[in-house]
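Take a look at the structure below.
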Amino acid sequence: MSSKRQNYKPEKVTLKEYIKIFKGIKIPWVFLILILVATFAMTLASLQVTYFTGDVVDAQGNVPTAQLVSYALGYIVMGLCSAASVIFQGVASEKINLGLRKKLWRKLIYTKQSCYDADGGETLVSRVTTDCDYASRLFTTIVSFISLAISLGMYIFQMYALNITLSNYMLLLIPVSILIGWGYTKLMYLIAQKTQAMLASSTAYLIERTKDLALIKTSNTQSREMEEGSKRFQEQYVMQVKTGLMNAFYTALQTLYNIVSILIPFAVGAGMVASGLITAGEVIIFYGISTSVGVSFTNIINYAGTIRQANGALARVINTFKLPDEAVVSGRPMDEPDGDITFENVSFGYNGEPVLQNITCQIPKHKVTAVIGANGSGKSTLFKLLDRLYDPGEGMMRFGKTNAADYDLHAWRKAFAMVAQGSPLMEGTIRENICYGCERTVSQEELVKVAKAARVYDFVQDLPDGFDTMITGGGQNFSGGQRQCLAIARAMMISPDYLLLDEATSNLDAKSERAVLAAMDELMKNRTTVIIAHSLAAIRKADHVIVLSDGQVSATGSPAQILSAGDNYLSKVMHRKDMGAMV
């Protein structure tokens, strides 16, 4: 719940890393080439129109019909090419965005769990939804930059062909423009970096707070969160104002440049006309071309700023691609008989803080093992290691006699199913949720059989749409007991060899707990089961008990052996006045 402000430091990556993110993405080269062709044609048409304007002045009204037709066609070509360029650029942009979003989504799906814990998960959303837009901006802007550079070269060539003296005067403006443009692009790069980092943080904050809105209401912290949200919106406002001021300042400089670019050809040109060195029509032509030079040069500077801005935003995407992946489909297949799972001198922690310390214990096959201990003793972390969401920092987890890390991760997780307290449900139908993760086609008969075993069938039948009833995000339109039974049905449908039950009956009323326990009994049949136990009923189901204390194994054995020892967590709790309470 910390409201500490982040220090938004620009992320830096190399040009090679920028190019690398497009590897594997189908670049729409045809549309990009068409942008270049359209720009080239538009430049030629623009020159034709400009020359016609000067010729009209010198012709003193005696303009041939052919030239008028050519003039009209020039404007038509300019309009068509401009529209075509916008269309081609739009299509190319969206194709690049689509390709990068797919690639980035795959990256996020397969990134190691530890990366989500470090990031919080929510800020990664902005990588896919917002930051990817800058990929197309970078790519299409580079193409536009190249096409404008070609146009600029054509304009300058025509300018010098028309009059060297006037051209030299006009080119004196270029060093000033470069200096102004460099400053503009540098500042826009820094602002864009901070803006994207701030937006990602604000997005994460809003997602988290809206998800926990009930907690905010019941904690009476609306005023506090309003103040926190206002601070973040204020930051966004300040950054957007800075961006607006930068754009306004640059627009003012651009206007000043345009004024000077008008004065030079007409002031200098007037004297040359008076001396007979140039005609009035040629001055008009020169002005038209020099104006195009100014516009092209200004746009090039703008594009340079956009490229820097895109680079700043894409740095976050690029650094996301650097996160380590899980090796999902490499390793040994799980094609051998069920075996005991053994932890040998395993240590593990989060962000340098130890949680499990040198633990050694065994989970016997085809048995029910209860893992007990006080809050913070490492029970849930042990489950994460069992599901291989994390790898041991030290030591080894064995399956039979083989290191668990040697097995194909996809096959390993297929052999396991976890039902946790408040097991998540996906937005979709009840049918889709029960079958989620099942790699085969499920018949209606099988669905009904599993639903009955999981104590789901009766309440589903009372719903108007039955198994096609929609579940809202998080399953909030169902009770806690119903959600747990649906999660158990999902685990049954997968038919795992190993079952992990993490506080599956916590925070349920007596009626819901009875239904969930009955469903769990069905699920546990003929399976190796590990339970994080917080109730006497759950412990009595166990064949084997592991007692954790401060991240270490303090006792193992049967429930009777653990209770008779008298010096461990279970026996101490059981001998309290409230015999049924488990912390």
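Naming scheme: A, B, ... for chains in displayed order of the structure tokens; residues 1 onward per chain; ligands 1 onward as shown.
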Would you mind listing what lies within 12 Å of segment 41-46 of chain A as an mmCIF file with all heavy atoms, in the first residue's frame, with only C-alpha atoms counted and same-chain residues fewer than 2 positions away left out?
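Wrote part05.cif, looks like this:
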```cif
data_model
loop_
_atom_site.group_PDB
_atom_site.id
_atom_site.type_symbol
_atom_site.label_atom_id
_atom_site.label_comp_id
_atom_site.auth_asym_id
_atom_site.auth_seq_id
_atom_site.Cartn_x
_atom_site.Cartn_y
_atom_site.Cartn_z
ATOM 1 N N LEU A 34 5.652 1.136 -50.995
ATOM 2 C CA LEU A 34 4.624 1.986 -51.598
ATOM 3 C C LEU A 34 4.624 3.387 -50.976
ATOM 4 O O LEU A 34 4.328 4.374 -51.660
ATOM 5 C CB LEU A 34 3.241 1.343 -51.434
ATOM 6 C CG LEU A 34 2.967 0.125 -52.325
ATOM 7 C CD1 LEU A 34 1.645 -0.520 -51.956
ATOM 8 C CD2 LEU A 34 2.987 0.521 -53.799
ATOM 9 N N ILE A 35 4.966 3.477 -49.687
ATOM 10 C CA ILE A 35 5.083 4.801 -49.052
ATOM 11 C C ILE A 35 6.177 5.606 -49.740
ATOM 12 O O ILE A 35 6.008 6.798 -50.039
ATOM 13 C CB ILE A 35 5.390 4.653 -47.539
ATOM 14 C CG1 ILE A 35 4.189 4.042 -46.808
ATOM 15 C CG2 ILE A 35 5.721 6.008 -46.926
ATOM 16 C CD1 ILE A 35 4.475 3.680 -45.359
ATOM 17 N N LEU A 36 7.329 4.959 -50.006
ATOM 18 C CA LEU A 36 8.431 5.636 -50.694
ATOM 19 C C LEU A 36 8.027 6.069 -52.105
ATOM 20 O O LEU A 36 8.311 7.199 -52.528
ATOM 21 C CB LEU A 36 9.647 4.705 -50.769
ATOM 22 C CG LEU A 36 10.370 4.392 -49.446
ATOM 23 C CD1 LEU A 36 11.427 3.323 -49.667
ATOM 24 C CD2 LEU A 36 11.005 5.654 -48.871
ATOM 25 N N VAL A 37 7.332 5.170 -52.809
ATOM 26 C CA VAL A 37 6.903 5.486 -54.177
ATOM 27 C C VAL A 37 5.926 6.660 -54.168
ATOM 28 O O VAL A 37 6.028 7.589 -54.993
ATOM 29 C CB VAL A 37 6.254 4.254 -54.837
ATOM 30 C CG1 VAL A 37 5.615 4.629 -56.175
ATOM 31 C CG2 VAL A 37 7.286 3.152 -55.029
ATOM 32 N N ALA A 38 4.971 6.639 -53.240
ATOM 33 C CA ALA A 38 3.974 7.719 -53.157
ATOM 34 C C ALA A 38 4.643 9.050 -52.841
ATOM 35 O O ALA A 38 4.292 10.097 -53.417
ATOM 36 C CB ALA A 38 2.925 7.382 -52.099
ATOM 37 N N THR A 39 5.623 9.028 -51.951
ATOM 38 C CA THR A 39 6.333 10.266 -51.602
ATOM 39 C C THR A 39 7.126 10.793 -52.786
ATOM 40 O O THR A 39 7.144 12.004 -53.060
ATOM 41 C CB THR A 39 7.277 10.022 -50.408
ATOM 42 O OG1 THR A 39 6.524 9.500 -49.309
ATOM 43 C CG2 THR A 39 7.968 11.307 -49.983
ATOM 44 N N GLN A 48 6.301 20.051 -60.366
ATOM 45 C CA GLN A 48 5.596 20.429 -61.585
ATOM 46 C C GLN A 48 4.643 21.595 -61.322
ATOM 47 O O GLN A 48 4.574 22.552 -62.109
ATOM 48 C CB GLN A 48 4.809 19.223 -62.119
ATOM 49 C CG GLN A 48 4.046 19.513 -63.412
ATOM 50 C CD GLN A 48 3.299 18.280 -63.913
ATOM 51 O OE1 GLN A 48 3.626 17.164 -63.550
ATOM 52 N NE2 GLN A 48 2.285 18.507 -64.731
ATOM 53 N N VAL A 49 3.917 21.531 -60.226
ATOM 54 C CA VAL A 49 2.976 22.601 -59.859
ATOM 55 C C VAL A 49 3.727 23.893 -59.586
ATOM 56 O O VAL A 49 3.310 24.987 -59.981
ATOM 57 C CB VAL A 49 2.141 22.176 -58.631
ATOM 58 C CG1 VAL A 49 1.373 23.365 -58.065
ATOM 59 C CG2 VAL A 49 1.186 21.057 -59.007
ATOM 60 N N THR A 50 4.873 23.778 -58.884
ATOM 61 C CA THR A 50 5.662 24.970 -58.547
ATOM 62 C C THR A 50 6.186 25.658 -59.810
ATOM 63 O O THR A 50 6.124 26.896 -59.944
ATOM 64 C CB THR A 50 6.835 24.579 -57.627
ATOM 65 O OG1 THR A 50 6.318 23.969 -56.448
ATOM 66 C CG2 THR A 50 7.657 25.802 -57.252
ATOM 67 N N TYR A 51 6.726 24.863 -60.751
ATOM 68 C CA TYR A 51 7.234 25.441 -61.998
ATOM 69 C C TYR A 51 6.105 26.083 -62.796
ATOM 70 O O TYR A 51 6.294 27.136 -63.427
ATOM 71 C CB TYR A 51 7.933 24.365 -62.836
ATOM 72 C CG TYR A 51 9.399 24.224 -62.503
ATOM 73 C CD1 TYR A 51 9.844 23.238 -61.633
ATOM 74 C CD2 TYR A 51 10.329 25.093 -63.054
ATOM 75 C CE1 TYR A 51 11.184 23.119 -61.314
ATOM 76 C CE2 TYR A 51 11.678 24.984 -62.754
ATOM 77 C CZ TYR A 51 12.108 23.999 -61.882
ATOM 78 O OH TYR A 51 13.453 23.899 -61.572
ATOM 79 N N PHE A 52 4.927 25.482 -62.765
ATOM 80 C CA PHE A 52 3.806 26.059 -63.494
ATOM 81 C C PHE A 52 3.448 27.434 -62.933
ATOM 82 O O PHE A 52 3.179 28.379 -63.687
ATOM 83 C CB PHE A 52 2.588 25.126 -63.391
ATOM 84 C CG PHE A 52 1.338 25.727 -63.970
ATOM 85 C CD1 PHE A 52 1.093 25.679 -65.334
ATOM 86 C CD2 PHE A 52 0.409 26.354 -63.158
ATOM 87 C CE1 PHE A 52 -0.057 26.243 -65.875
ATOM 88 C CE2 PHE A 52 -0.740 26.920 -63.683
ATOM 89 C CZ PHE A 52 -0.974 26.868 -65.042
ATOM 90 N N THR A 53 3.497 27.571 -61.592
ATOM 91 C CA THR A 53 3.167 28.850 -60.969
ATOM 92 C C THR A 53 4.094 29.955 -61.456
ATOM 93 O O THR A 53 3.672 31.073 -61.783
ATOM 94 C CB THR A 53 3.251 28.729 -59.430
ATOM 95 O OG1 THR A 53 2.415 27.659 -58.999
ATOM 96 C CG2 THR A 53 2.810 30.022 -58.761
ATOM 97 N N SER A 70 -1.869 20.042 -67.228
ATOM 98 C CA SER A 70 -0.743 19.472 -66.484
ATOM 99 C C SER A 70 -0.756 19.936 -65.030
ATOM 100 O O SER A 70 -0.477 19.168 -64.108
ATOM 101 C CB SER A 70 0.575 19.866 -67.160
ATOM 102 O OG SER A 70 1.668 19.369 -66.445
ATOM 103 N N TYR A 71 -1.105 21.228 -64.850
ATOM 104 C CA TYR A 71 -1.184 21.805 -63.498
ATOM 105 C C TYR A 71 -2.259 21.088 -62.679
ATOM 106 O O TYR A 71 -2.038 20.707 -61.523
ATOM 107 C CB TYR A 71 -1.496 23.298 -63.617
ATOM 108 C CG TYR A 71 -1.715 24.002 -62.308
ATOM 109 C CD1 TYR A 71 -0.650 24.338 -61.486
ATOM 110 C CD2 TYR A 71 -2.999 24.369 -61.898
ATOM 111 C CE1 TYR A 71 -0.855 25.007 -60.285
ATOM 112 C CE2 TYR A 71 -3.220 25.034 -60.710
ATOM 113 C CZ TYR A 71 -2.140 25.348 -59.907
ATOM 114 O OH TYR A 71 -2.341 26.006 -58.732
ATOM 115 N N ALA A 72 -3.429 20.883 -63.271
ATOM 116 C CA ALA A 72 -4.533 20.211 -62.578
ATOM 117 C C ALA A 72 -4.164 18.773 -62.236
ATOM 118 O O ALA A 72 -4.429 18.279 -61.126
ATOM 119 C CB ALA A 72 -5.791 20.254 -63.445
ATOM 120 N N LEU A 73 -3.533 18.099 -63.227
ATOM 121 C CA LEU A 73 -3.126 16.720 -62.979
ATOM 122 C C LEU A 73 -2.094 16.635 -61.845
ATOM 123 O O LEU A 73 -2.100 15.692 -61.050
ATOM 124 C CB LEU A 73 -2.542 16.112 -64.258
ATOM 125 C CG LEU A 73 -3.555 15.780 -65.356
ATOM 126 C CD1 LEU A 73 -2.833 15.306 -66.615
ATOM 127 C CD2 LEU A 73 -4.538 14.717 -64.882
ATOM 128 N N GLY A 74 -1.211 17.628 -61.779
ATOM 129 C CA GLY A 74 -0.215 17.657 -60.715
ATOM 130 C C GLY A 74 -0.859 17.699 -59.339
ATOM 131 O O GLY A 74 -0.460 16.969 -58.426
ATOM 132 N N TYR A 75 -1.893 18.564 -59.204
ATOM 133 C CA TYR A 75 -2.589 18.657 -57.917
ATOM 134 C C TYR A 75 -3.344 17.363 -57.602
ATOM 135 O O TYR A 75 -3.401 16.924 -56.436
ATOM 136 C CB TYR A 75 -3.557 19.840 -57.919
ATOM 137 C CG TYR A 75 -2.962 21.071 -57.274
ATOM 138 C CD1 TYR A 75 -2.681 22.206 -58.027
ATOM 139 C CD2 TYR A 75 -2.656 21.082 -55.917
ATOM 140 C CE1 TYR A 75 -2.116 23.335 -57.442
ATOM 141 C CE2 TYR A 75 -2.101 22.200 -55.321
ATOM 142 C CZ TYR A 75 -1.835 23.321 -56.081
ATOM 143 O OH TYR A 75 -1.280 24.430 -55.497
ATOM 144 N N ILE A 76 -3.938 16.751 -58.623
ATOM 145 C CA ILE A 76 -4.656 15.495 -58.417
ATOM 146 C C ILE A 76 -3.701 14.404 -57.939
ATOM 147 O O ILE A 76 -3.991 13.653 -56.996
ATOM 148 C CB ILE A 76 -5.377 15.067 -59.711
ATOM 149 C CG1 ILE A 76 -6.528 16.032 -60.028
ATOM 150 C CG2 ILE A 76 -5.897 13.632 -59.587
ATOM 151 C CD1 ILE A 76 -7.179 15.790 -61.377
ATOM 152 N N VAL A 77 -2.532 14.331 -58.612
ATOM 153 C CA VAL A 77 -1.527 13.336 -58.221
ATOM 154 C C VAL A 77 -1.055 13.582 -56.789
ATOM 155 O O VAL A 77 -0.900 12.634 -56.000
ATOM 156 C CB VAL A 77 -0.333 13.365 -59.192
ATOM 157 C CG1 VAL A 77 0.826 12.520 -58.652
ATOM 158 C CG2 VAL A 77 -0.757 12.865 -60.563
ATOM 159 N N MET A 78 -0.834 14.858 -56.435
ATOM 160 C CA MET A 78 -0.408 15.176 -55.071
ATOM 161 C C MET A 78 -1.447 14.713 -54.052
ATOM 162 O O MET A 78 -1.107 14.123 -53.013
ATOM 163 C CB MET A 78 -0.178 16.679 -54.927
ATOM 164 C CG MET A 78 1.089 17.187 -55.604
ATOM 165 S SD MET A 78 1.234 19.003 -55.526
ATOM 166 C CE MET A 78 1.347 19.253 -53.749
ATOM 167 N N GLY A 79 -2.715 14.968 -54.331
ATOM 168 C CA GLY A 79 -3.780 14.559 -53.410
ATOM 169 C C GLY A 79 -3.871 13.056 -53.275
ATOM 170 O O GLY A 79 -3.971 12.517 -52.161
ATOM 171 N N LEU A 80 -3.838 12.360 -54.437
ATOM 172 C CA LEU A 80 -3.937 10.915 -54.407
ATOM 173 C C LEU A 80 -2.741 10.283 -53.695
ATOM 174 O O LEU A 80 -2.898 9.348 -52.889
ATOM 175 C CB LEU A 80 -4.039 10.369 -55.834
ATOM 176 C CG LEU A 80 -5.347 10.671 -56.587
ATOM 177 C CD1 LEU A 80 -5.249 10.173 -58.026
ATOM 178 C CD2 LEU A 80 -6.536 10.021 -55.884
ATOM 179 N N CYS A 81 -1.552 10.804 -53.970
ATOM 180 C CA CYS A 81 -0.343 10.262 -53.338
ATOM 181 C C CYS A 81 -0.335 10.520 -51.835
ATOM 182 O O CYS A 81 0.099 9.670 -51.046
ATOM 183 C CB CYS A 81 0.913 10.854 -53.979
ATOM 184 S SG CYS A 81 1.231 10.256 -55.654
ATOM 185 N N SER A 82 -0.816 11.690 -51.441
ATOM 186 C CA SER A 82 -0.888 12.005 -50.013
ATOM 187 C C SER A 82 -1.836 11.052 -49.300
ATOM 188 O O SER A 82 -1.519 10.514 -48.229
ATOM 189 C CB SER A 82 -1.354 13.448 -49.818
ATOM 190 O OG SER A 82 -1.470 13.753 -48.452
ATOM 191 N N ALA A 83 -3.022 10.828 -49.888
ATOM 192 C CA ALA A 83 -3.999 9.907 -49.290
ATOM 193 C C ALA A 83 -3.451 8.484 -49.258
ATOM 194 O O ALA A 83 -3.586 7.766 -48.254
ATOM 195 C CB ALA A 83 -5.307 9.958 -50.071
ATOM 196 N N ALA A 84 -2.828 8.077 -50.373
ATOM 197 C CA ALA A 84 -2.277 6.721 -50.451
ATOM 198 C C ALA A 84 -1.188 6.518 -49.405
ATOM 199 O O ALA A 84 -1.116 5.460 -48.756
ATOM 200 C CB ALA A 84 -1.724 6.460 -51.848
ATOM 201 N N SER A 85 -0.343 7.540 -49.225
ATOM 202 C CA SER A 85 0.734 7.445 -48.244
ATOM 203 C C SER A 85 0.184 7.248 -46.840
ATOM 204 O O SER A 85 0.699 6.439 -46.055
ATOM 205 C CB SER A 85 1.614 8.700 -48.302
ATOM 206 O OG SER A 85 2.668 8.612 -47.374
ATOM 207 N N SER A 147 12.172 8.698 -47.115
ATOM 208 C CA SER A 147 11.487 9.259 -48.285
ATOM 209 C C SER A 147 11.578 10.782 -48.300
ATOM 210 O O SER A 147 11.757 11.397 -49.362
ATOM 211 C CB SER A 147 10.024 8.819 -48.297
ATOM 212 O OG SER A 147 9.337 9.289 -47.164
ATOM 213 N N LEU A 148 11.493 11.392 -47.104
ATOM 214 C CA LEU A 148 11.627 12.851 -47.039
ATOM 215 C C LEU A 148 13.041 13.290 -47.388
ATOM 216 O O LEU A 148 13.242 14.345 -48.017
ATOM 217 C CB LEU A 148 11.248 13.352 -45.650
ATOM 218 C CG LEU A 148 9.788 13.771 -45.459
ATOM 219 C CD1 LEU A 148 9.552 14.200 -44.030
ATOM 220 C CD2 LEU A 148 9.423 14.900 -46.404
ATOM 221 N N ALA A 149 14.026 12.505 -46.945
ATOM 222 C CA ALA A 149 15.419 12.835 -47.268
ATOM 223 C C ALA A 149 15.631 12.808 -48.785
ATOM 224 O O ALA A 149 16.334 13.667 -49.347
ATOM 225 C CB ALA A 149 16.360 11.856 -46.571
ATOM 226 N N ILE A 150 15.008 11.828 -49.451
ATOM 227 C CA ILE A 150 15.096 11.764 -50.915
ATOM 228 C C ILE A 150 14.436 12.997 -51.538
ATOM 229 O O ILE A 150 14.979 13.630 -52.463
ATOM 230 C CB ILE A 150 14.434 10.481 -51.428
ATOM 231 C CG1 ILE A 150 15.226 9.255 -50.953
ATOM 232 C CG2 ILE A 150 14.332 10.485 -52.951
ATOM 233 C CD1 ILE A 150 14.537 7.934 -51.237
ATOM 234 N N SER A 151 13.251 13.350 -51.029
ATOM 235 C CA SER A 151 12.546 14.530 -51.538
ATOM 236 C C SER A 151 13.360 15.787 -51.318
ATOM 237 O O SER A 151 13.451 16.659 -52.193
ATOM 238 C CB SER A 151 11.183 14.659 -50.842
ATOM 239 O OG SER A 151 10.352 13.570 -51.148
ATOM 240 N N LEU A 152 13.961 15.878 -50.112
ATOM 241 C CA LEU A 152 14.773 17.050 -49.794
ATOM 242 C C LEU A 152 15.935 17.178 -50.773
ATOM 243 O O LEU A 152 16.248 18.282 -51.252
ATOM 244 C CB LEU A 152 15.292 16.947 -48.359
ATOM 245 C CG LEU A 152 16.140 18.110 -47.846
ATOM 246 C CD1 LEU A 152 15.347 19.417 -47.876
ATOM 247 C CD2 LEU A 152 16.645 17.829 -46.439
ATOM 248 N N GLY A 153 16.570 16.049 -51.092
ATOM 249 C CA GLY A 153 17.665 16.076 -52.058
ATOM 250 C C GLY A 153 17.199 16.550 -53.428
ATOM 251 O O GLY A 153 17.891 17.342 -54.094
ATOM 252 N N MET A 154 16.012 16.099 -53.845
ATOM 253 C CA MET A 154 15.473 16.526 -55.135
ATOM 254 C C MET A 154 15.174 18.022 -55.140
ATOM 255 O O MET A 154 15.470 18.735 -56.115
ATOM 256 C CB MET A 154 14.196 15.736 -55.446
ATOM 257 C CG MET A 154 14.439 14.248 -55.703
ATOM 258 S SD MET A 154 12.898 13.295 -55.822
ATOM 259 C CE MET A 154 12.171 14.040 -57.298
ATOM 260 N N TYR A 155 14.605 18.515 -54.039
ATOM 261 C CA TYR A 155 14.276 19.944 -53.952
ATOM 262 C C TYR A 155 15.542 20.802 -53.982
ATOM 263 O O TYR A 155 15.610 21.822 -54.673
ATOM 264 C CB TYR A 155 13.497 20.236 -52.670
ATOM 265 C CG TYR A 155 12.055 19.762 -52.699
ATOM 266 C CD1 TYR A 155 11.517 19.070 -51.620
ATOM 267 C CD2 TYR A 155 11.226 20.034 -53.786
ATOM 268 C CE1 TYR A 155 10.199 18.634 -51.624
ATOM 269 C CE2 TYR A 155 9.909 19.602 -53.794
ATOM 270 C CZ TYR A 155 9.400 18.900 -52.714
ATOM 271 O OH TYR A 155 8.105 18.491 -52.737
ATOM 272 N N ILE A 156 16.555 20.388 -53.212
ATOM 273 C CA ILE A 156 17.803 21.172 -53.162
ATOM 274 C C ILE A 156 18.484 21.169 -54.539
ATOM 275 O O ILE A 156 19.019 22.201 -54.986
ATOM 276 C CB ILE A 156 18.744 20.610 -52.077
ATOM 277 C CG1 ILE A 156 18.146 20.894 -50.680
ATOM 278 C CG2 ILE A 156 20.134 21.236 -52.185
ATOM 279 C CD1 ILE A 156 18.954 20.302 -49.539
ATOM 280 N N GLN A 158 17.014 20.955 -57.466
ATOM 281 C CA GLN A 158 16.259 21.868 -58.319
ATOM 282 C C GLN A 158 16.503 23.325 -57.934
ATOM 283 O O GLN A 158 16.549 24.216 -58.798
ATOM 284 C CB GLN A 158 14.760 21.547 -58.216
ATOM 285 C CG GLN A 158 14.350 20.240 -58.873
ATOM 286 C CD GLN A 158 14.561 20.276 -60.379
ATOM 287 O OE1 GLN A 158 14.312 21.287 -61.037
ATOM 288 N NE2 GLN A 158 15.034 19.165 -60.934
ATOM 289 N N ILE A 285 9.091 30.518 -58.483
ATOM 290 C CA ILE A 285 9.446 29.093 -58.510
ATOM 291 C C ILE A 285 10.422 28.771 -57.382
ATOM 292 O O ILE A 285 10.275 27.788 -56.657
ATOM 293 C CB ILE A 285 10.060 28.709 -59.872
ATOM 294 C CG1 ILE A 285 9.026 28.847 -60.984
ATOM 295 C CG2 ILE A 285 10.607 27.278 -59.830
ATOM 296 C CD1 ILE A 285 9.596 28.680 -62.379
ATOM 297 N N GLY A 288 8.698 28.684 -54.074
ATOM 298 C CA GLY A 288 7.924 27.449 -53.904
ATOM 299 C C GLY A 288 8.805 26.269 -53.541
ATOM 300 O O GLY A 288 8.483 25.483 -52.640
ATOM 301 N N ILE A 289 9.953 26.159 -54.244
ATOM 302 C CA ILE A 289 10.858 25.053 -53.959
ATOM 303 C C ILE A 289 11.497 25.205 -52.582
ATOM 304 O O ILE A 289 11.609 24.246 -51.817
ATOM 305 C CB ILE A 289 11.935 24.947 -55.049
ATOM 306 C CG1 ILE A 289 11.300 24.611 -56.404
ATOM 307 C CG2 ILE A 289 12.972 23.882 -54.686
ATOM 308 C CD1 ILE A 289 12.281 24.608 -57.555
ATOM 309 N N SER A 290 11.926 26.440 -52.251
ATOM 310 C CA SER A 290 12.568 26.672 -50.953
ATOM 311 C C SER A 290 11.592 26.415 -49.809
ATOM 312 O O SER A 290 11.980 25.937 -48.741
ATOM 313 C CB SER A 290 13.124 28.094 -50.873
ATOM 314 O OG SER A 290 12.083 29.052 -50.908
ATOM 315 N N THR A 291 10.313 26.738 -50.055
ATOM 316 C CA THR A 291 9.302 26.436 -49.038
ATOM 317 C C THR A 291 9.187 24.930 -48.834
ATOM 318 O O THR A 291 9.092 24.447 -47.692
ATOM 319 C CB THR A 291 7.931 27.008 -49.457
ATOM 320 O OG1 THR A 291 8.032 28.424 -49.590
ATOM 321 C CG2 THR A 291 6.862 26.671 -48.433
ATOM 322 N N SER A 292 9.226 24.171 -49.928
ATOM 323 C CA SER A 292 9.177 22.714 -49.828
ATOM 324 C C SER A 292 10.402 22.176 -49.093
ATOM 325 O O SER A 292 10.310 21.214 -48.317
ATOM 326 C CB SER A 292 9.086 22.086 -51.224
ATOM 327 O OG SER A 292 7.879 22.463 -51.869
ATOM 328 N N VAL A 293 11.558 22.829 -49.349
ATOM 329 C CA VAL A 293 12.783 22.445 -48.632
ATOM 330 C C VAL A 293 12.598 22.656 -47.140
ATOM 331 O O VAL A 293 12.927 21.801 -46.309
ATOM 332 C CB VAL A 293 13.997 23.244 -49.147
ATOM 333 C CG1 VAL A 293 15.210 23.051 -48.229
ATOM 334 C CG2 VAL A 293 14.351 22.816 -50.561
ATOM 335 N N SER A 296 10.147 20.119 -45.765
ATOM 336 C CA SER A 296 10.777 18.795 -45.705
ATOM 337 C C SER A 296 11.788 18.723 -44.576
ATOM 338 O O SER A 296 11.844 17.734 -43.825
ATOM 339 C CB SER A 296 11.474 18.473 -47.038
ATOM 340 O OG SER A 296 10.548 18.423 -48.087
#
```
- Using only C-alpha atoms, which residues sit within 9 Å of segment 248-256 of chain A once same-chain residues fewer than 3 positions away are excluded, as an NGL selection string? :A and (177 or 180-181 or 184 or 243-245 or 259-261 or 298)
Taking all heavy atoms for each residue, export the selection above as a compact mmCIF listing (two decimals), in the first residue's frame.
```
# COMPACT_ATOMS: atom_id res chain seq x y z
N SER A 177 18.68 25.33 -38.01
CA SER A 177 17.61 24.34 -37.90
C SER A 177 18.12 23.05 -37.25
O SER A 177 17.43 22.44 -36.43
CB SER A 177 17.04 24.02 -39.28
OG SER A 177 16.51 25.18 -39.88
N ILE A 180 18.51 23.62 -33.45
CA ILE A 180 17.19 23.64 -32.80
C ILE A 180 16.58 22.25 -32.79
O ILE A 180 16.04 21.79 -31.78
CB ILE A 180 16.25 24.64 -33.52
CG1 ILE A 180 16.77 26.07 -33.35
CG2 ILE A 180 14.83 24.52 -32.98
CD1 ILE A 180 16.04 27.08 -34.20
N GLY A 181 16.68 21.55 -33.91
CA GLY A 181 16.11 20.20 -34.01
C GLY A 181 16.76 19.22 -33.06
O GLY A 181 16.10 18.39 -32.44
N TYR A 184 15.48 19.83 -29.61
CA TYR A 184 14.09 19.40 -29.52
C TYR A 184 14.00 17.87 -29.39
O TYR A 184 13.29 17.34 -28.52
CB TYR A 184 13.34 19.86 -30.77
CG TYR A 184 11.95 19.28 -30.93
CD1 TYR A 184 10.89 19.73 -30.15
CD2 TYR A 184 11.71 18.27 -31.86
CE1 TYR A 184 9.62 19.20 -30.30
CE2 TYR A 184 10.44 17.74 -32.02
CZ TYR A 184 9.40 18.20 -31.25
OH TYR A 184 8.15 17.68 -31.40
N THR A 243 5.22 18.26 -22.50
CA THR A 243 5.22 17.86 -23.91
C THR A 243 4.56 18.91 -24.78
O THR A 243 5.05 19.27 -25.85
CB THR A 243 4.48 16.52 -24.08
OG1 THR A 243 5.12 15.53 -23.26
CG2 THR A 243 4.50 16.06 -25.52
N GLY A 244 3.42 19.45 -24.29
CA GLY A 244 2.72 20.50 -25.03
C GLY A 244 3.55 21.76 -25.18
O GLY A 244 3.57 22.38 -26.25
N LEU A 245 4.25 22.16 -24.11
CA LEU A 245 5.09 23.35 -24.16
C LEU A 245 6.24 23.17 -25.14
O LEU A 245 6.60 24.09 -25.88
CB LEU A 245 5.63 23.68 -22.76
CG LEU A 245 4.61 24.22 -21.75
CD1 LEU A 245 5.24 24.36 -20.37
CD2 LEU A 245 4.04 25.56 -22.22
N ILE A 259 9.01 32.42 -41.76
CA ILE A 259 9.02 33.86 -42.08
C ILE A 259 10.34 34.25 -42.74
O ILE A 259 10.38 34.95 -43.77
CB ILE A 259 8.78 34.70 -40.81
CG1 ILE A 259 7.35 34.47 -40.31
CG2 ILE A 259 9.03 36.18 -41.09
CD1 ILE A 259 7.08 35.10 -38.95
N VAL A 260 11.45 33.76 -42.15
CA VAL A 260 12.77 34.07 -42.71
C VAL A 260 12.92 33.47 -44.10
O VAL A 260 13.48 34.09 -45.02
CB VAL A 260 13.88 33.56 -41.77
CG1 VAL A 260 15.26 33.76 -42.41
CG2 VAL A 260 13.82 34.28 -40.43
N SER A 261 12.36 32.24 -44.27
CA SER A 261 12.48 31.58 -45.58
C SER A 261 11.66 32.31 -46.65
O SER A 261 11.93 32.16 -47.84
CB SER A 261 12.01 30.12 -45.47
OG SER A 261 10.62 30.04 -45.20
N THR A 298 11.89 20.58 -41.88
CA THR A 298 11.17 20.62 -40.60
C THR A 298 10.59 19.26 -40.26
O THR A 298 10.67 18.80 -39.12
CB THR A 298 10.03 21.67 -40.66
OG1 THR A 298 10.60 22.95 -40.93
CG2 THR A 298 9.27 21.71 -39.35
```
